[in-house]
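Source file final_30.txt; content: compact mmCIF, C-alpha atoms.
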```txt
# COMPACT_ATOMS: atom_id res chain seq x y z
CA MET Y 1 0.00 0.00 0.00
CA ARG Y 2 2.79 2.40 0.97
CA GLU Y 3 4.65 1.55 -2.23
CA ARG Y 4 1.52 2.28 -4.23
CA ASN Y 5 1.05 5.68 -2.57
CA GLU Y 6 4.71 6.51 -3.12
CA GLY Y 7 4.28 5.61 -6.76
CA GLN Y 8 1.23 7.84 -7.06
CA VAL Y 9 3.06 10.73 -5.37
CA SER Y 10 6.05 10.33 -7.62
CA SER Y 11 3.79 10.23 -10.67
CA ARG Y 12 1.95 13.36 -9.47
CA ASP Y 13 5.23 15.18 -8.80
CA PHE Y 14 6.44 14.25 -12.22
CA GLU Y 15 3.29 15.63 -13.86
CA LEU Y 16 3.52 18.89 -11.85
CA GLY Y 17 7.18 19.22 -12.72
CA THR Y 18 6.38 18.73 -16.38
CA ILE Y 19 3.68 21.41 -16.25
CA GLU Y 20 6.07 23.81 -14.49
CA VAL Y 21 8.78 23.24 -17.06
CA ASN Y 22 6.30 23.77 -19.89
CA ALA Y 23 5.08 26.99 -18.26
CA LEU Y 24 8.63 28.30 -17.86
CA ASN Y 25 9.36 27.41 -21.47
CA SER Y 26 6.22 29.28 -22.52
CA VAL Y 27 7.31 32.35 -20.55
CA ASP Y 28 10.79 32.19 -22.05
CA THR Y 29 9.27 31.81 -25.51
CA TYR Y 30 6.98 34.82 -24.91
CA GLN Y 31 9.86 36.96 -23.63
CA ALA Y 32 11.97 35.98 -26.62
CA LYS Y 33 9.08 36.91 -28.88
CA LEU Y 34 8.80 40.34 -27.23
CA GLU Y 35 12.53 40.88 -27.58
CA ARG Y 36 12.34 39.99 -31.28
CA GLN Y 37 9.45 42.42 -31.71
CA ASP Y 38 11.43 45.17 -29.96
CA THR Y 39 14.44 44.42 -32.13
CA HIS Y 40 12.26 44.48 -35.23
CA LYS Y 41 10.80 47.83 -34.18
CA GLU Y 42 14.28 49.21 -33.57
CA GLU Y 43 15.26 48.15 -37.09
CA GLU Y 44 12.14 49.76 -38.56
CA ARG Y 45 12.86 53.11 -36.89
CA GLU Y 46 14.66 55.81 -38.79
CA PRO Y 47 18.31 56.13 -37.77
CA ARG Y 48 18.53 58.47 -34.78
CA GLU Y 49 21.49 60.72 -34.21
CA ARG Y 50 23.57 60.10 -31.11
CA TRP Y 51 25.59 62.32 -28.82
CA GLY Y 52 29.31 62.14 -29.48
CA ASN Y 53 29.70 60.76 -25.95
CA HIS Y 54 27.87 60.76 -22.65
CA ILE Y 55 29.76 63.84 -21.40
CA GLU Y 56 28.27 65.90 -24.24
CA PHE Y 57 24.77 64.93 -23.16
CA LEU Y 58 25.45 65.79 -19.52
CA LEU Y 59 27.02 69.14 -20.38
CA ALA Y 60 24.24 70.06 -22.81
CA SER Y 61 21.58 69.14 -20.24
CA ILE Y 62 23.37 71.11 -17.52
CA GLY Y 63 23.64 74.05 -19.91
CA LEU Y 64 19.90 73.79 -20.56
CA ALA Y 65 18.97 73.63 -16.88
CA VAL Y 66 21.50 76.10 -15.46
CA GLY Y 67 20.81 79.61 -16.66
CA THR Y 68 19.20 82.90 -15.80
CA GLY Y 69 16.84 81.32 -13.29
CA ASN Y 70 19.81 80.33 -11.14
CA VAL Y 71 21.50 83.72 -11.33
CA TRP Y 72 18.79 86.30 -10.94
CA ARG Y 73 15.59 84.49 -9.96
CA PHE Y 74 16.60 82.10 -7.18
CA PRO Y 75 18.57 84.63 -5.07
CA TYR Y 76 15.70 87.09 -5.18
CA LEU Y 77 13.06 84.47 -4.33
CA ALA Y 78 15.17 83.07 -1.49
CA GLN Y 79 15.61 86.46 0.15
CA LYS Y 80 11.96 87.37 -0.42
CA ASN Y 81 10.56 84.09 0.95
CA GLY Y 82 12.37 83.59 4.20
CA GLY Y 83 16.07 83.39 3.32
CA GLY Y 84 17.52 80.10 4.51
CA ALA Y 85 14.03 78.82 5.35
CA PHE Y 86 13.19 78.92 1.62
CA LEU Y 87 15.63 76.06 1.08
CA LEU Y 88 13.17 73.68 2.77
CA PRO Y 89 10.25 74.12 0.31
CA TYR Y 90 12.80 74.33 -2.48
CA ALA Y 91 14.24 70.91 -1.55
CA VAL Y 92 10.77 69.41 -1.05
CA MET Y 93 9.60 70.58 -4.47
CA LEU Y 94 12.77 69.24 -6.02
CA LEU Y 95 12.04 65.77 -4.62
CA VAL Y 96 8.27 65.84 -5.19
CA GLU Y 97 8.05 67.35 -8.68
CA GLY Y 98 11.47 68.26 -10.02
CA LEU Y 99 13.28 64.92 -10.04
CA PRO Y 100 10.26 62.78 -11.04
CA LEU Y 101 9.30 65.01 -13.98
CA PHE Y 102 12.90 65.45 -15.06
CA TYR Y 103 13.35 61.67 -15.04
CA LEU Y 104 10.04 61.16 -16.84
CA GLU Y 105 10.98 63.42 -19.74
CA LEU Y 106 14.44 61.90 -20.16
CA ALA Y 107 12.99 58.37 -19.96
CA LEU Y 108 10.25 59.10 -22.51
CA GLY Y 109 12.69 60.46 -25.06
CA GLN Y 110 15.20 57.70 -24.45
CA ARG Y 111 12.66 54.85 -24.69
CA MET Y 112 10.65 56.17 -27.64
CA GLN Y 113 13.58 57.64 -29.62
CA LYS Y 114 11.37 60.40 -31.02
CA GLY Y 115 10.68 64.10 -30.65
CA PHE Y 116 8.15 65.16 -28.02
CA LEU Y 117 5.28 65.80 -30.48
CA LYS Y 118 5.52 62.30 -31.95
CA ILE Y 119 5.91 60.76 -28.50
CA TRP Y 120 2.68 62.20 -27.10
CA SER Y 121 0.72 61.30 -30.22
CA SER Y 122 2.16 57.75 -30.05
CA ILE Y 123 1.03 57.31 -26.45
CA ARG Y 124 -2.52 58.52 -27.18
CA PRO Y 125 -3.71 60.60 -30.14
CA TYR Y 126 -5.64 62.94 -27.85
CA MET Y 127 -2.39 63.71 -25.97
CA THR Y 128 -0.96 65.42 -29.06
CA GLY Y 129 -2.13 68.68 -27.52
CA ILE Y 130 0.56 68.34 -24.85
CA GLY Y 131 3.22 68.32 -27.56
CA VAL Y 132 1.59 71.29 -29.29
CA GLY Y 133 1.57 73.16 -25.97
CA GLN Y 134 5.29 72.45 -25.52
CA ILE Y 135 5.96 73.82 -29.01
CA ILE Y 136 4.10 77.02 -28.11
CA VAL Y 137 6.05 77.41 -24.85
CA SER Y 138 9.33 76.80 -26.68
CA PHE Y 139 8.39 79.42 -29.28
CA GLN Y 140 7.66 81.95 -26.55
CA MET Y 141 11.04 81.22 -24.98
CA THR Y 142 12.71 81.65 -28.37
CA ALA Y 143 10.93 84.98 -28.85
CA TYR Y 144 12.24 86.68 -25.70
CA PHE Y 145 15.38 84.84 -24.64
CA PRO Y 146 17.53 86.10 -27.56
CA MET Y 147 17.08 89.56 -26.02
CA VAL Y 148 18.86 88.33 -22.90
CA MET Y 149 21.65 87.07 -25.16
CA THR Y 150 21.70 90.50 -26.79
CA TRP Y 151 22.30 92.23 -23.47
CA CYS Y 152 25.12 89.80 -22.72
CA MET Y 153 26.69 90.44 -26.13
CA TYR Y 154 26.39 94.19 -25.59
CA TYR Y 155 28.17 93.97 -22.25
CA PHE Y 156 30.81 91.77 -23.88
CA TYR Y 157 31.31 94.46 -26.51
CA LEU Y 158 31.63 97.15 -23.83
CA SER Y 159 34.09 95.02 -21.84
CA PHE Y 160 36.83 95.98 -24.30
CA SER Y 161 36.60 99.58 -23.05
CA ASN Y 162 39.14 100.99 -20.67
CA PRO Y 163 37.92 101.91 -18.15
CA LEU Y 164 34.77 99.82 -18.06
CA PRO Y 165 31.74 102.08 -18.62
CA TRP Y 166 29.93 100.75 -15.53
CA ALA Y 167 32.98 101.12 -13.30
CA GLN Y 168 32.82 104.91 -13.22
CA CYS Y 169 30.26 107.62 -13.86
CA GLU Y 170 30.62 109.49 -17.13
CA ASP Y 171 28.08 112.15 -16.15
CA GLU Y 172 29.27 113.62 -12.87
CA THR Y 173 26.30 115.98 -12.81
CA ASN Y 174 23.83 113.07 -12.65
CA LEU Y 175 23.20 112.05 -9.04
CA CYS Y 176 21.88 108.59 -9.99
CA CYS Y 177 25.02 107.89 -12.00
CA LYS Y 178 27.28 109.01 -9.16
CA ASN Y 179 25.43 106.90 -6.58
CA ASP Y 180 25.34 103.65 -8.59
CA SER Y 181 27.07 103.72 -11.95
CA ALA Y 182 26.28 100.02 -12.67
CA ALA Y 183 22.53 100.57 -12.20
CA TYR Y 184 22.67 103.75 -14.26
CA MET Y 185 24.51 101.86 -17.00
CA TRP Y 186 21.83 99.16 -17.02
CA TYR Y 187 18.71 101.32 -17.04
CA GLU Y 188 19.84 104.40 -18.96
CA THR Y 189 22.51 103.17 -21.38
CA ASN Y 190 21.49 99.57 -22.04
CA LEU Y 191 17.71 99.58 -21.70
CA GLN Y 192 17.36 103.31 -22.36
CA SER Y 193 14.22 103.20 -20.26
CA THR Y 194 11.60 105.87 -20.94
CA PRO Y 195 9.02 107.50 -18.63
CA SER Y 196 6.07 105.61 -20.17
CA ILE Y 197 5.33 102.64 -22.40
CA ASP Y 198 4.03 105.02 -25.07
CA ASP Y 199 7.53 106.43 -25.48
CA THR Y 200 9.41 103.73 -27.39
CA GLY Y 201 12.71 105.61 -27.38
CA GLU Y 202 15.26 105.73 -30.17
CA PHE Y 203 16.68 103.04 -32.43
CA VAL Y 204 19.91 101.65 -30.91
CA PRO Y 205 22.27 100.30 -33.61
CA ALA Y 206 24.67 98.69 -31.12
CA ILE Y 207 21.90 96.63 -29.47
CA THR Y 208 20.57 95.60 -32.89
CA GLY Y 209 24.03 94.49 -34.00
CA CYS Y 210 24.50 92.42 -30.85
CA TRP Y 211 21.08 90.82 -31.40
CA PHE Y 212 22.16 89.79 -34.90
CA VAL Y 213 25.49 88.39 -33.65
CA GLY Y 214 23.62 86.41 -30.99
CA TRP Y 215 21.48 84.71 -33.63
CA VAL Y 216 24.53 83.94 -35.79
CA LEU Y 217 26.20 82.24 -32.82
CA THR Y 218 23.01 80.27 -32.15
CA TYR Y 219 23.00 79.06 -35.74
CA LEU Y 220 26.63 77.99 -35.55
CA CYS Y 221 25.83 75.92 -32.47
CA LEU Y 222 22.84 74.21 -34.07
CA PHE Y 223 23.41 73.92 -37.81
CA LYS Y 224 24.74 70.34 -37.52
CA GLY Y 225 22.23 69.25 -34.89
CA ILE Y 226 23.59 67.59 -31.78
CA GLN Y 227 26.94 67.03 -33.47
CA SER Y 228 27.63 70.78 -33.27
CA SER Y 229 25.60 71.63 -30.16
CA GLY Y 230 27.25 68.77 -28.24
CA LYS Y 231 30.70 70.16 -29.02
CA ALA Y 232 29.61 73.71 -28.19
CA ALA Y 233 28.45 72.50 -24.76
CA TYR Y 234 32.08 71.92 -23.74
CA PHE Y 235 32.45 75.71 -23.67
CA THR Y 236 28.95 77.01 -23.02
CA ALA Y 237 28.36 74.76 -20.01
CA THR Y 238 31.79 75.02 -18.37
CA PHE Y 239 33.00 78.58 -18.93
CA PRO Y 240 30.19 80.19 -16.87
CA TYR Y 241 31.31 78.07 -13.90
CA LEU Y 242 34.88 79.34 -14.25
CA VAL Y 243 33.62 82.92 -14.21
CA LEU Y 244 31.26 82.19 -11.33
CA ILE Y 245 34.08 80.68 -9.27
CA ALA Y 246 36.27 83.71 -9.96
CA LEU Y 247 33.45 86.07 -8.95
CA PHE Y 248 32.83 83.99 -5.83
CA ILE Y 249 36.48 84.23 -4.75
CA ARG Y 250 36.46 87.98 -5.29
CA GLY Y 251 32.96 88.51 -3.91
CA VAL Y 252 33.50 86.85 -0.54
CA THR Y 253 36.68 88.89 -0.01
CA LEU Y 254 34.89 92.23 -0.52
CA GLU Y 255 34.03 94.43 2.43
CA GLY Y 256 30.46 93.76 3.55
CA ALA Y 257 30.24 90.37 1.81
CA VAL Y 258 29.40 88.55 5.06
CA LYS Y 259 26.55 90.98 5.70
CA GLY Y 260 25.04 90.27 2.29
CA ILE Y 261 25.35 86.50 2.61
CA THR Y 262 23.82 86.69 6.09
CA VAL Y 263 20.78 88.46 4.66
CA LEU Y 264 20.37 85.69 2.09
CA PHE Y 265 20.54 82.77 4.51
CA THR Y 266 18.98 84.22 7.69
CA PRO Y 267 15.88 82.00 8.08
CA ASP Y 268 12.40 83.34 8.69
CA PHE Y 269 10.43 80.17 9.41
CA LYS Y 270 7.12 82.07 9.71
CA LYS Y 271 7.25 82.46 5.94
CA LEU Y 272 6.78 78.71 5.56
CA LEU Y 273 3.14 79.11 6.63
CA ASP Y 274 2.51 81.23 3.55
CA PRO Y 275 1.37 79.09 0.57
CA ILE Y 276 2.84 81.67 -1.82
CA VAL Y 277 6.31 80.63 -0.63
CA TRP Y 278 5.64 77.01 -1.62
CA MET Y 279 4.19 78.14 -4.94
CA ASP Y 280 7.32 80.21 -5.65
CA ALA Y 281 9.49 77.18 -4.81
CA ALA Y 282 7.49 74.99 -7.20
CA GLY Y 283 7.65 77.62 -9.94
CA GLN Y 284 11.40 78.02 -9.50
CA ILE Y 285 11.93 74.26 -9.84
CA PHE Y 286 9.88 74.17 -13.06
CA TYR Y 287 11.62 77.24 -14.49
CA SER Y 288 15.14 76.27 -13.49
CA LEU Y 289 15.06 72.59 -14.52
CA SER Y 290 13.36 73.47 -17.85
CA VAL Y 291 10.67 70.87 -17.18
CA GLY Y 292 7.69 70.93 -19.54
CA PHE Y 293 9.39 72.64 -22.48
CA GLY Y 294 10.03 69.43 -24.42
CA ALA Y 295 13.78 70.01 -24.72
CA LEU Y 296 14.62 67.29 -22.19
CA ILE Y 297 12.61 64.76 -24.18
CA CYS Y 298 14.60 65.65 -27.30
CA PHE Y 299 17.90 65.45 -25.44
CA GLY Y 300 16.98 62.04 -24.04
CA SER Y 301 15.95 60.72 -27.46
CA TYR Y 302 19.55 61.00 -28.68
CA ASN Y 303 20.77 58.64 -25.94
CA PRO Y 304 21.01 54.86 -26.29
CA VAL Y 305 17.85 53.07 -25.16
CA LYS Y 306 19.58 51.35 -22.24
CA ASN Y 307 21.29 54.47 -20.86
CA ASN Y 308 20.92 54.98 -17.08
CA CYS Y 309 18.67 58.04 -17.26
CA SER Y 310 17.68 57.92 -13.57
CA ARG Y 311 21.32 58.52 -12.62
CA ASP Y 312 21.57 61.34 -15.17
CA ALA Y 313 18.41 63.00 -13.87
CA ALA Y 314 19.72 63.00 -10.30
CA ILE Y 315 23.15 64.35 -11.31
CA ILE Y 316 21.80 67.18 -13.48
CA ALA Y 317 19.07 68.22 -11.04
CA LEU Y 318 21.44 68.34 -8.05
CA ILE Y 319 24.07 70.30 -10.00
CA ASN Y 320 21.39 72.74 -11.08
CA CYS Y 321 20.09 73.35 -7.56
CA GLY Y 322 23.61 73.55 -6.15
CA THR Y 323 24.43 76.19 -8.75
CA SER Y 324 21.42 78.24 -7.62
CA VAL Y 325 22.70 78.37 -4.05
CA PHE Y 326 26.25 79.07 -5.20
CA ALA Y 327 25.11 81.91 -7.48
CA GLY Y 328 23.05 83.33 -4.61
CA ILE Y 329 26.18 83.56 -2.46
CA VAL Y 330 28.02 85.40 -5.24
CA VAL Y 331 25.17 87.85 -5.83
CA TYR Y 332 24.57 88.69 -2.19
CA SER Y 333 28.25 89.05 -1.36
CA VAL Y 334 28.35 91.80 -4.00
CA LEU Y 335 25.11 93.33 -2.73
CA GLY Y 336 26.62 93.46 0.75
CA PHE Y 337 29.64 95.28 -0.68
CA ARG Y 338 27.33 97.65 -2.53
CA GLU Y 339 25.54 98.50 0.71
CA VAL Y 340 28.84 99.37 2.40
CA LYS Y 341 30.10 101.36 -0.57
CA LEU Y 342 26.93 103.10 -1.75
CA GLY Y 343 24.57 102.81 1.21
CA ILE Y 344 21.95 100.86 -0.78
CA PRO Y 345 20.37 98.25 1.56
CA VAL Y 346 20.82 94.63 0.53
CA LYS Y 347 17.09 93.99 0.87
CA ASP Y 348 16.31 96.95 -1.40
CA LEU Y 349 16.31 95.02 -4.66
CA GLN Y 350 13.99 93.53 -7.22
CA GLY Y 351 14.34 90.24 -9.04
CA GLY Y 352 14.93 90.04 -12.75
CA PRO Y 353 17.76 90.66 -15.18
CA GLY Y 354 18.77 93.85 -13.39
CA LEU Y 355 19.97 91.76 -10.44
CA ALA Y 356 22.51 90.03 -12.70
CA PHE Y 357 23.41 93.01 -14.86
CA ILE Y 358 24.00 95.25 -11.84
CA ALA Y 359 25.48 92.89 -9.23
CA TYR Y 360 27.87 91.01 -11.49
CA PRO Y 361 29.31 94.07 -13.30
CA THR Y 362 29.90 95.60 -9.87
CA ALA Y 363 31.89 92.52 -8.84
CA VAL Y 364 33.81 92.39 -12.13
CA ALA Y 365 34.86 96.03 -11.73
CA GLU Y 366 36.60 95.07 -8.46
CA LEU Y 367 38.65 92.25 -10.01
CA PRO Y 368 42.23 92.64 -11.23
CA LEU Y 369 42.20 93.04 -15.03
CA PRO Y 370 38.43 93.64 -15.07
CA GLN Y 371 38.32 93.71 -18.89
CA LEU Y 372 39.47 90.10 -18.97
CA TRP Y 373 36.73 88.86 -16.61
CA ALA Y 374 34.06 91.10 -18.14
```
Produce structure tokens that represent the structure in this file.
Amino acid sequence: MRERNEGQVSSRDFELGTIEVNALNSVDTYQAKLERQDTHKEEEREPRERWGNHIEFLLASIGLAVGTGNVWRFPYLAQKNGGGAFLLPYAVMLLVEGLPLFYLELALGQRMQKGFLKIWSSIRPYMTGIGVGQIIVSFQMTAYFPMVMTWCMYYFYLSFSNPLPWAQCEDETNLCCKNDSAAYMWYETNLQSTPSIDDTGEFVPAITGCWFVGWVLTYLCLFKGIQSSGKAAYFTATFPYLVLIALFIRGVTLEGAVKGITVLFTPDFKKLLDPIVWMDAAGQIFYSLSVGFGALICFGSYNPVKNNCSRDAAIIALINCGTSVFAGIVVYSVLGFREVKLGIPVKDLQGGPGLAFIAYPTAVAELPLPQLWA
């Protein structure tokens, strides 16, 4: 009887083992079929350009993320929204929305190997509107951002002057010029601001010429696609850091620098109860990381499909946010010096391009060989 039961058990075990083996073979066959389908789809796709190497992708992505938002928007928002306390909502928004969305866009482009408009229409036809919206946002950025490049080119052109035009006042009879020559240079010479919006001012040939040069440089960076823009990133993404480090070294050694940095990082935790502070932190993350514009999807689509995009997203996002804090230290060290020298309170400032085009020229004027650094 026992032998019979043992025989039945062995027979049953054998049948179960056979079923299990067949099931595993079926799974392996199905996985192999999926892999063949993926390979077939890869072969059917049009050849996609690739970055020259992974460093080019990282530098281009850092250059996309790190920009004006780090230099003139973050320092102003930090001081306005509680100083050091603002770093808490900023870090929370980075973890909650910044990193996940940054990773999502890189992963979509990398997996689908397409531009953002084709990707959204491939996922669902009714999601094409998301891609259209990203095109509109990118167009708006393209419409106004070249003007920022124009101002930079104009200051570059003026940097060959000796002495620098913002380092001293040319009109000694003008009290505003005598009190703050860098601010006077920005508002009166560069912007040529007028009393009302109805007064458009005069045509400025120098600004127009710099605008044209800016577009020519943009074309030279893009005319060969990522093959040219990837090589340009070696300079465009690294040189600003060299200048920023030089300005940091000079800025923290200026008289009053500690006072300015203290204003930036002195925490006001009561501000954290204000929802506007959290909204500003979320907006800064979106603006600074360039999430939602579609550019990250395009950058990711030029990577190999099996690239570690989660690692890339973390590296780029952390470098971007670290640059914001670093740039804030540079800006407020100069603002502290300006308060000592000119009596203008550190807190008496507004965000925007003026923060960069006033604070940084002031710091450059204090460096040895200012024309070189300008």
Response to the item:
What separates CA of Phe212 in chain Y and CA of Tyr154 in chain Y is a distance of 11.1 Å
Fill in: CA of Asp280 in chain Y to CA of Ile319 in chain Y, distance in Å rounded to a single decimal
19.9 Å
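Residues surrounding Leu289 in chain Y within 8 Å are Leu64, Ala65, Val66, Gly98, Phe102, Ile285, Ala317 and Asn320 of chain Y [all atoms listed in the file; sequence separation below 4 positions excluded].
Closest approach to Val96 in chain Y among Y:Ala281, Y:Leu296, Y:Leu242, Y:Ile315 is made by Y:Ala281 (distances from all atoms listed in the file).
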Discussion item. So that I can see what lies close to Ala327 in chain Y, please list as a PyMOL selection string the residues with an atom at most 12 Å from it, counting all atoms listed in the file and leaving out residues fewer than 6 positions away in the same chain.
Written reply: chain Y and resi 66-76+78+240-241+243-249+251-252+261+264+319-321+333-334+355-356+359-360
Contacts of Leu58 in chain Y within 8 Å, all atoms listed in the file, excl. fewer than 4 positions in-chain, as a PDB file with C-alpha atoms, in the coordinates of the input:
```pdb
ATOM      1  CA  HIS Y  54      27.870  60.760 -22.650  1.00  0.00           C
ATOM      2  CA  ILE Y  62      23.370  71.110 -17.520  1.00  0.00           C
ATOM      3  CA  ASP Y 312      21.570  61.340 -15.170  1.00  0.00           C
ATOM      4  CA  ILE Y 316      21.800  67.180 -13.480  1.00  0.00           C
TER       5      ILE Y 316
END
```
Worksheet item: Nearest to Ser288 in chain Y among Y:Pro163, Y:Gly63, Y:Gly84, Y:Pro47, with distances taken over all atoms listed in the file: which residue is it?
Response: Y:Gly63
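Shortest separation to Val346 in chain Y among Y:Gln168, Y:Gln284, Y:Thr253, Y:Thr262 occurs at residue Y:Thr262, atoms counted being all atoms listed in the file.
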Discussion item. Would you pick out the contacts of Gly209 in chain Y at 12 Å or less, using all atoms listed in the file, so that residues sharing its chain but fewer than 6 positions from it are not included, and give the list as a ChimeraX atom specification?
Written reply: /Y:147,149-151,153-154,157,203,215-216
Dump of C-alpha atoms for the selected residues, as a short mmCIF file (atom, residue, chain, number, x, y, z; two decimals), keeping the file's coordinate frame:
```cif
data_model
loop_
_atom_site.label_atom_id
_atom_site.label_comp_id
_atom_site.auth_asym_id
_atom_site.auth_seq_id
_atom_site.Cartn_x
_atom_site.Cartn_y
_atom_site.Cartn_z
CA MET Y 147 17.08 89.56 -26.02
CA MET Y 149 21.65 87.07 -25.16
CA THR Y 150 21.70 90.50 -26.79
CA TRP Y 151 22.30 92.23 -23.47
CA MET Y 153 26.69 90.44 -26.13
CA TYR Y 154 26.39 94.19 -25.59
CA TYR Y 157 31.31 94.46 -26.51
CA PHE Y 203 16.68 103.04 -32.43
CA TRP Y 215 21.48 84.71 -33.63
CA VAL Y 216 24.53 83.94 -35.79
#
```
Practice prompt. List the neighbours of Gly201 in chain Y out to 12 Å using only C-alpha atoms; skip same-chain residues closer than 2 positions along the sequence, and give me the result as a ChimeraX atom specification.
Written response: /Y:188-199,203-204
Could you add the missing atoms to range 194-201 of chain Y, up to all heavy atoms, and return them as a compact mmCIF listing (two decimals), keeping the file's coordinate frame?
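Writing done, so here's result.txt:
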```txt
# COMPACT_ATOMS: atom_id res chain seq x y z
N THR Y 194 12.33 104.62 -20.71
CA THR Y 194 11.60 105.87 -20.94
C THR Y 194 10.53 106.04 -19.85
O THR Y 194 10.16 105.08 -19.17
CB THR Y 194 10.93 105.85 -22.32
OG1 THR Y 194 10.07 104.69 -22.40
CG2 THR Y 194 11.98 105.76 -23.42
N PRO Y 195 10.00 107.25 -19.69
CA PRO Y 195 9.02 107.50 -18.63
C PRO Y 195 7.74 106.69 -18.76
O PRO Y 195 7.09 106.37 -17.77
CB PRO Y 195 8.74 109.01 -18.75
CG PRO Y 195 9.93 109.57 -19.46
CD PRO Y 195 10.40 108.50 -20.38
N SER Y 196 7.33 106.34 -19.98
CA SER Y 196 6.07 105.61 -20.17
C SER Y 196 6.23 104.61 -21.30
O SER Y 196 7.15 104.70 -22.12
CB SER Y 196 4.92 106.57 -20.47
OG SER Y 196 5.09 107.16 -21.74
N ILE Y 197 5.30 103.65 -21.36
CA ILE Y 197 5.33 102.64 -22.40
C ILE Y 197 5.01 103.22 -23.77
O ILE Y 197 5.36 102.66 -24.82
CB ILE Y 197 4.36 101.49 -22.05
CG1 ILE Y 197 4.65 100.26 -22.93
CG2 ILE Y 197 2.90 101.95 -22.20
CD1 ILE Y 197 3.86 99.04 -22.53
N ASP Y 198 4.34 104.37 -23.79
CA ASP Y 198 4.03 105.02 -25.07
C ASP Y 198 5.27 105.59 -25.74
O ASP Y 198 5.29 105.77 -26.96
CB ASP Y 198 3.00 106.13 -24.84
CG ASP Y 198 1.67 105.60 -24.33
OD1 ASP Y 198 1.31 104.47 -24.73
OD2 ASP Y 198 1.02 106.29 -23.52
N ASP Y 199 6.28 105.89 -24.94
CA ASP Y 199 7.53 106.43 -25.48
C ASP Y 199 8.47 105.27 -25.76
O ASP Y 199 9.05 104.67 -24.85
CB ASP Y 199 8.15 107.40 -24.47
CG ASP Y 199 9.38 108.10 -25.02
OD1 ASP Y 199 9.76 107.81 -26.18
OD2 ASP Y 199 9.96 108.92 -24.29
N THR Y 200 8.62 104.91 -27.02
CA THR Y 200 9.41 103.73 -27.39
C THR Y 200 10.90 104.02 -27.44
O THR Y 200 11.71 103.08 -27.55
CB THR Y 200 8.97 103.20 -28.76
OG1 THR Y 200 9.10 104.25 -29.74
CG2 THR Y 200 7.52 102.73 -28.72
N GLY Y 201 11.29 105.28 -27.36
CA GLY Y 201 12.71 105.61 -27.38
C GLY Y 201 13.27 105.59 -28.80
O GLY Y 201 12.53 105.49 -29.79
```
